[in-house]
Amino acid sequence: MSNETHGLLKPKEESKKLHQLYSALINGNIEPSTDQQKKTMMQLLNTKVTVLDQKTNKIKYLHYTLRISAMLLSGIATVILGIKFTNANSDWPVVSSNIALGITATVTFLTGLSVFWDTDNYWKRVKVMLNKLKEIRYEYAFLISGEGVNQKDLKDILNRYLNALGDEYWENLLKNASKTKDEDKNKNATTSS
(Lines give C-alpha, C1' and ligand atoms only; values in the text may rest on other atoms or scores of the structure.)
Protein backbone atom coordinates (compact mmCIF):
# COMPACT_ATOMS: atom_id res chain seq x y z
CA MET A 1 0.00 0.00 0.00
CA SER A 2 1.11 3.55 -0.55
CA ASN A 3 1.97 6.09 2.11
CA GLU A 4 -1.53 7.58 1.75
CA THR A 5 -2.89 4.77 3.88
CA HIS A 6 -0.62 5.64 6.78
CA GLY A 7 -1.68 9.28 7.26
CA LEU A 8 -3.94 9.88 10.23
CA LEU A 9 -7.31 11.47 9.68
CA LYS A 10 -8.88 14.17 11.78
CA PRO A 11 -12.27 13.22 13.30
CA LYS A 12 -14.30 15.20 10.73
CA GLU A 13 -12.26 13.79 7.86
CA GLU A 14 -12.64 10.30 9.28
CA SER A 15 -16.39 10.71 9.58
CA LYS A 16 -16.67 12.09 6.05
CA LYS A 17 -14.51 9.35 4.49
CA LEU A 18 -16.35 6.64 6.40
CA HIS A 19 -19.71 7.98 5.27
CA GLN A 20 -18.57 8.27 1.64
CA LEU A 21 -17.10 4.77 1.64
CA TYR A 22 -20.13 3.26 3.32
CA SER A 23 -22.55 5.00 0.95
CA ALA A 24 -20.53 3.88 -2.07
CA LEU A 25 -20.45 0.26 -0.88
CA ILE A 26 -24.16 0.16 0.01
CA ASN A 27 -25.18 1.63 -3.32
CA GLY A 28 -22.74 -0.56 -5.23
CA ASN A 29 -20.91 2.44 -6.66
CA ILE A 30 -17.47 1.91 -8.05
CA GLU A 31 -16.66 5.63 -7.67
CA PRO A 32 -14.15 6.15 -6.25
CA SER A 33 -12.31 3.16 -7.69
CA THR A 34 -12.06 -0.07 -5.76
CA ASP A 35 -8.35 0.61 -5.28
CA GLN A 36 -9.16 3.98 -3.72
CA GLN A 37 -11.81 2.33 -1.53
CA LYS A 38 -9.22 -0.22 -0.37
CA LYS A 39 -6.80 2.58 0.53
CA THR A 40 -9.54 4.50 2.33
CA MET A 41 -10.53 1.43 4.36
CA MET A 42 -6.90 0.85 5.40
CA GLN A 43 -6.55 4.52 6.31
CA LEU A 44 -9.71 4.36 8.44
CA LEU A 45 -8.43 1.24 10.22
CA ASN A 46 -4.98 2.73 10.82
CA THR A 47 -6.43 6.01 12.11
CA LYS A 48 -8.85 4.37 14.52
CA VAL A 49 -6.24 1.90 15.81
CA THR A 50 -3.74 4.72 16.43
CA VAL A 51 -6.30 6.94 18.17
CA LEU A 52 -7.65 4.11 20.33
CA ASP A 53 -4.14 2.98 21.23
CA GLN A 54 -3.36 6.45 22.58
CA LYS A 55 -6.74 6.63 24.31
CA THR A 56 -6.21 3.23 25.94
CA ASN A 57 -2.85 4.31 27.33
CA LYS A 58 -4.33 7.53 28.75
CA ILE A 59 -7.24 5.69 30.38
CA LYS A 60 -4.86 3.08 31.82
CA TYR A 61 -2.65 5.83 33.24
CA LEU A 62 -5.67 7.62 34.74
CA HIS A 63 -7.03 4.40 36.22
CA TYR A 64 -3.76 3.43 37.88
CA THR A 65 -3.07 6.98 39.05
CA LEU A 66 -6.45 7.17 40.79
CA ARG A 67 -6.07 3.76 42.41
CA ILE A 68 -2.46 4.13 43.53
CA SER A 69 -3.04 7.68 44.82
CA ALA A 70 -5.99 6.50 46.89
CA MET A 71 -3.94 3.62 48.35
CA LEU A 72 -0.94 5.79 49.19
CA LEU A 73 -3.02 8.53 50.77
CA SER A 74 -4.99 5.97 52.81
CA GLY A 75 -1.72 4.55 54.12
CA ILE A 76 -0.42 8.03 55.00
CA ALA A 77 -3.65 8.88 56.85
CA THR A 78 -3.43 5.62 58.81
CA VAL A 79 0.18 6.34 59.81
CA ILE A 80 -0.64 9.91 60.87
CA LEU A 81 -3.53 8.70 63.03
CA GLY A 82 -1.34 6.00 64.56
CA ILE A 83 1.60 8.20 65.53
CA LYS A 84 1.65 8.98 69.25
CA PHE A 85 3.97 11.46 70.92
CA THR A 86 4.75 12.01 74.55
CA ASN A 87 2.99 14.73 76.51
CA ALA A 88 5.54 17.31 75.30
CA ASN A 89 3.32 18.06 72.28
CA SER A 90 -0.29 17.99 73.47
CA ASP A 91 -1.64 19.55 70.23
CA TRP A 92 -0.59 16.56 68.10
CA PRO A 93 -3.84 14.54 68.45
CA VAL A 94 -5.92 17.48 67.17
CA VAL A 95 -3.47 18.34 64.39
CA SER A 96 -3.09 14.72 63.30
CA SER A 97 -6.83 14.12 63.16
CA ASN A 98 -7.30 17.30 61.08
CA ILE A 99 -4.55 16.25 58.68
CA ALA A 100 -6.00 12.74 58.44
CA LEU A 101 -9.46 14.19 57.80
CA GLY A 102 -8.14 16.18 54.84
CA ILE A 103 -6.29 13.18 53.46
CA THR A 104 -9.29 10.83 53.81
CA ALA A 105 -11.52 13.43 52.15
CA THR A 106 -9.09 13.44 49.21
CA VAL A 107 -9.12 9.62 49.14
CA THR A 108 -12.92 9.68 49.13
CA PHE A 109 -12.91 12.16 46.23
CA LEU A 110 -10.41 10.10 44.19
CA THR A 111 -12.35 6.90 44.83
CA GLY A 112 -15.58 8.66 43.87
CA LEU A 113 -14.02 9.81 40.59
CA SER A 114 -12.82 6.31 39.86
CA VAL A 115 -16.29 4.88 40.48
CA PHE A 116 -18.11 7.69 38.66
CA TRP A 117 -15.91 7.50 35.57
CA ASP A 118 -15.78 3.69 35.85
CA THR A 119 -12.23 3.84 34.57
CA ASP A 120 -11.68 0.10 34.97
CA ASN A 121 -14.56 -0.99 32.72
CA TYR A 122 -14.04 1.88 30.29
CA TRP A 123 -10.37 0.98 29.91
CA LYS A 124 -11.25 -2.70 29.32
CA ARG A 125 -13.98 -1.82 26.81
CA VAL A 126 -11.66 0.42 24.80
CA LYS A 127 -8.89 -2.19 24.95
CA VAL A 128 -11.23 -4.89 23.62
CA MET A 129 -12.35 -2.53 20.86
CA LEU A 130 -8.72 -1.80 20.00
CA ASN A 131 -7.84 -5.50 19.83
CA LYS A 132 -10.84 -6.22 17.56
CA LEU A 133 -9.80 -3.41 15.23
CA LYS A 134 -6.21 -4.66 15.14
CA GLU A 135 -7.49 -8.13 14.26
CA ILE A 136 -9.66 -6.69 11.47
CA ARG A 137 -6.72 -4.63 10.21
CA TYR A 138 -4.47 -7.72 10.06
CA GLU A 139 -7.13 -9.73 8.24
CA TYR A 140 -7.78 -6.82 5.88
CA ALA A 141 -4.07 -6.42 5.11
CA PHE A 142 -3.95 -10.15 4.30
CA LEU A 143 -7.08 -9.86 2.16
CA ILE A 144 -5.81 -6.94 0.08
CA SER A 145 -2.41 -8.56 -0.41
CA GLY A 146 -4.14 -11.18 -2.55
CA GLU A 147 -5.99 -10.77 -5.81
CA GLY A 148 -9.67 -10.29 -6.48
CA VAL A 149 -10.85 -8.05 -3.65
CA ASN A 150 -14.36 -6.98 -4.52
CA GLN A 151 -16.88 -4.60 -3.02
CA LYS A 152 -18.60 -7.42 -1.12
CA ASP A 153 -15.35 -8.09 0.74
CA LEU A 154 -14.91 -4.38 1.44
CA LYS A 155 -18.48 -4.09 2.70
CA ASP A 156 -17.93 -7.10 4.98
CA ILE A 157 -14.76 -5.53 6.43
CA LEU A 158 -16.52 -2.19 6.84
CA ASN A 159 -19.44 -3.82 8.68
CA ARG A 160 -17.01 -5.62 10.98
CA TYR A 161 -15.22 -2.31 11.54
CA LEU A 162 -18.48 -0.63 12.53
CA ASN A 163 -19.48 -3.55 14.77
CA ALA A 164 -16.12 -3.36 16.55
CA LEU A 165 -16.57 0.32 17.29
CA GLY A 166 -19.78 -0.36 19.14
CA ASP A 167 -20.72 2.69 21.19
CA GLU A 168 -19.74 5.55 18.96
CA TYR A 169 -22.78 7.50 17.84
CA TRP A 170 -22.16 8.11 14.16
CA GLU A 171 -21.11 4.54 13.50
CA ASN A 172 -24.43 3.39 14.97
CA LEU A 173 -26.19 5.92 12.79
CA LEU A 174 -24.52 4.48 9.69
CA LYS A 175 -25.40 0.94 10.77
CA ASN A 176 -29.05 1.94 11.15
CA ALA A 177 -28.99 3.64 7.76
CA SER A 178 -27.62 0.44 6.23
CA LYS A 179 -30.32 -1.68 7.89
CA THR A 180 -33.02 0.69 6.66
CA LYS A 181 -31.63 0.57 3.11
CA ASP A 182 -31.45 -3.25 3.21
CA GLU A 183 -35.00 -3.46 4.58
CA ASP A 184 -36.20 -1.17 1.78
CA LYS A 185 -34.50 -3.40 -0.81
CA ASN A 186 -36.12 -6.47 0.74
CA LYS A 187 -39.56 -4.81 0.72
CA ASN A 188 -39.14 -3.77 -2.92
CA ALA A 189 -37.99 -7.26 -3.88
CA THR A 190 -41.00 -8.81 -2.08
CA THR A 191 -43.41 -6.32 -3.59
CA SER A 192 -42.13 -6.81 -7.15
CA SER A 193 -42.33 -10.62 -6.98
# chains A, B, ... in the order shown; residues from 1 in each chain; ligands from 1
>>> residues_around(residues="Lys124 in chain A", least_positions_apart="2", cutoff="12 Å", atoms="only C-alpha atoms", output="number ranges by chain")
A: 52, 55-57, 59-60, 63, 118-122, 126-131
>>> write_last_selection(atoms="N, CA, C and O atoms", output="JSON list (two decimals), in the first residue's frame")
[["chain", "number", "residue", "atom", "x", "y", "z"],
["A", 52, "LEU", "N", -7.23, 4.93, 19.19],
["A", 52, "LEU", "CA", -7.65, 4.11, 20.33],
["A", 52, "LEU", "C", -6.46, 3.62, 21.15],
["A", 52, "LEU", "O", -6.58, 3.44, 22.36],
["A", 55, "LYS", "N", -5.66, 6.49, 23.34],
["A", 55, "LYS", "CA", -6.74, 6.63, 24.31],
["A", 55, "LYS", "C", -6.65, 5.56, 25.39],
["A", 55, "LYS", "O", -6.83, 5.84, 26.57],
["A", 56, "THR", "N", -6.35, 4.33, 24.98],
["A", 56, "THR", "CA", -6.21, 3.23, 25.94],
["A", 56, "THR", "C", -5.10, 3.50, 26.93],
["A", 56, "THR", "O", -5.25, 3.28, 28.13],
["A", 57, "ASN", "N", -3.97, 4.00, 26.43],
["A", 57, "ASN", "CA", -2.85, 4.31, 27.33],
["A", 57, "ASN", "C", -3.21, 5.42, 28.31],
["A", 57, "ASN", "O", -2.83, 5.36, 29.48],
["A", 59, "ILE", "N", -6.26, 6.21, 29.42],
["A", 59, "ILE", "CA", -7.24, 5.69, 30.38],
["A", 59, "ILE", "C", -6.55, 4.78, 31.39],
["A", 59, "ILE", "O", -6.85, 4.82, 32.59],
["A", 60, "LYS", "N", -5.62, 3.97, 30.92],
["A", 60, "LYS", "CA", -4.86, 3.08, 31.82],
["A", 60, "LYS", "C", -4.09, 3.91, 32.84],
["A", 60, "LYS", "O", -4.09, 3.61, 34.03],
["A", 63, "HIS", "N", -6.51, 5.43, 35.33],
["A", 63, "HIS", "CA", -7.03, 4.40, 36.22],
["A", 63, "HIS", "C", -6.01, 4.05, 37.31],
["A", 63, "HIS", "O", -6.34, 4.06, 38.51],
["A", 118, "ASP", "N", -15.89, 5.13, 36.10],
["A", 118, "ASP", "CA", -15.78, 3.69, 35.85],
["A", 118, "ASP", "C", -14.58, 3.40, 34.96],
["A", 118, "ASP", "O", -14.69, 2.76, 33.91],
["A", 119, "THR", "N", -13.44, 3.91, 35.38],
["A", 119, "THR", "CA", -12.23, 3.84, 34.57],
["A", 119, "THR", "C", -11.81, 2.40, 34.26],
["A", 119, "THR", "O", -11.31, 2.13, 33.17],
["A", 120, "ASP", "N", -12.07, 1.50, 35.18],
["A", 120, "ASP", "CA", -11.68, 0.10, 34.97],
["A", 120, "ASP", "C", -12.43, -0.51, 33.78],
["A", 120, "ASP", "O", -11.82, -1.03, 32.85],
["A", 121, "ASN", "N", -13.76, -0.43, 33.81],
["A", 121, "ASN", "CA", -14.56, -0.99, 32.72],
["A", 121, "ASN", "C", -14.36, -0.24, 31.41],
["A", 121, "ASN", "O", -14.33, -0.85, 30.34],
["A", 122, "TYR", "N", -14.23, 1.08, 31.50],
["A", 122, "TYR", "CA", -14.04, 1.88, 30.29],
["A", 122, "TYR", "C", -12.72, 1.51, 29.62],
["A", 122, "TYR", "O", -12.65, 1.33, 28.40],
["A", 126, "VAL", "N", -12.45, -0.19, 25.87],
["A", 126, "VAL", "CA", -11.66, 0.42, 24.80],
["A", 126, "VAL", "C", -10.55, -0.52, 24.36],
["A", 126, "VAL", "O", -10.25, -0.62, 23.17],
["A", 127, "LYS", "N", -9.95, -1.25, 25.29],
["A", 127, "LYS", "CA", -8.89, -2.19, 24.95],
["A", 127, "LYS", "C", -9.43, -3.33, 24.09],
["A", 127, "LYS", "O", -8.79, -3.75, 23.12],
["A", 128, "VAL", "N", -10.61, -3.83, 24.43],
["A", 128, "VAL", "CA", -11.23, -4.89, 23.62],
["A", 128, "VAL", "C", -11.54, -4.37, 22.22],
["A", 128, "VAL", "O", -11.29, -5.04, 21.22],
["A", 129, "MET", "N", -12.07, -3.14, 22.15],
["A", 129, "MET", "CA", -12.35, -2.53, 20.86],
["A", 129, "MET", "C", -11.07, -2.39, 20.04],
["A", 129, "MET", "O", -11.04, -2.69, 18.83],
["A", 130, "LEU", "N", -10.00, -1.95, 20.67],
["A", 130, "LEU", "CA", -8.72, -1.80, 20.00],
["A", 130, "LEU", "C", -8.22, -3.14, 19.46],
["A", 130, "LEU", "O", -7.77, -3.23, 18.32],
["A", 131, "ASN", "N", -8.31, -4.18, 20.27],
["A", 131, "ASN", "CA", -7.84, -5.50, 19.83],
["A", 131, "ASN", "C", -8.67, -6.04, 18.67],
["A", 131, "ASN", "O", -8.13, -6.66, 17.75]]
>>> closest_atom_pairs(of="range 58-90 of chain A", to="range 98-117 of chain A", cutoff="7 Å", atoms="only C-alpha atoms", output="JSON lines")
{"residue": "A:Leu66", "atom": "CA", "partner": "A:Leu110", "partner_atom": "CA", "distance": 6.0}
{"residue": "A:Ala70", "atom": "CA", "partner": "A:Val107", "partner_atom": "CA", "distance": 5.0}
{"residue": "A:Leu73", "atom": "CA", "partner": "A:Ile103", "partner_atom": "CA", "distance": 6.3}
{"residue": "A:Ser74", "atom": "CA", "partner": "A:Thr104", "partner_atom": "CA", "distance": 6.6}
{"residue": "A:Ala77", "atom": "CA", "partner": "A:Ala100", "partner_atom": "CA", "distance": 4.8}
{"residue": "A:Ile80", "atom": "CA", "partner": "A:Ala100", "partner_atom": "CA", "distance": 6.5}
{"residue": "A:Leu81", "atom": "CA", "partner": "A:Ala100", "partner_atom": "CA", "distance": 6.6}
>>> residues_around(residues="range 19-21 of chain A", least_positions_apart="4", cutoff="8 Å", atoms="only C-alpha atoms", output="PyMOL selection string")
chain A and resi 15+25+37+40-41+174
>>> residues_around(residues="Lys48 in chain A", least_positions_apart="6", cutoff="12 Å", atoms="only C-alpha atoms", output="NGL selection string")
:A and (6-11 or 14-15 or 18 or 41-42 or 54-56 or 126 or 129-134 or 136-137 or 161-162 or 164-165 or 168)
>>> atom_distance(atom1="CA of Lys38 in chain A", atom2="CA of Glu13 in chain A")
16.5 Å
>>> closest_residue(among="A:Thr34, A:Ile76, A:Leu44, A:Arg125", to="Asp153 in chain A", atoms="only C-alpha atoms")
A:Thr34
>>> select_by_dssp(residues="range 5-162 of chain A", states="helix (DSSP H, G or I)", output="PyMOL selection string")
chain A and resi 5-6+11-27+34-82+92-117+119-145+151-162
>>> atom_distance(atom1="CA of Asn159 in chain A", atom2="CA of Ala141 in chain A")
16.0 Å
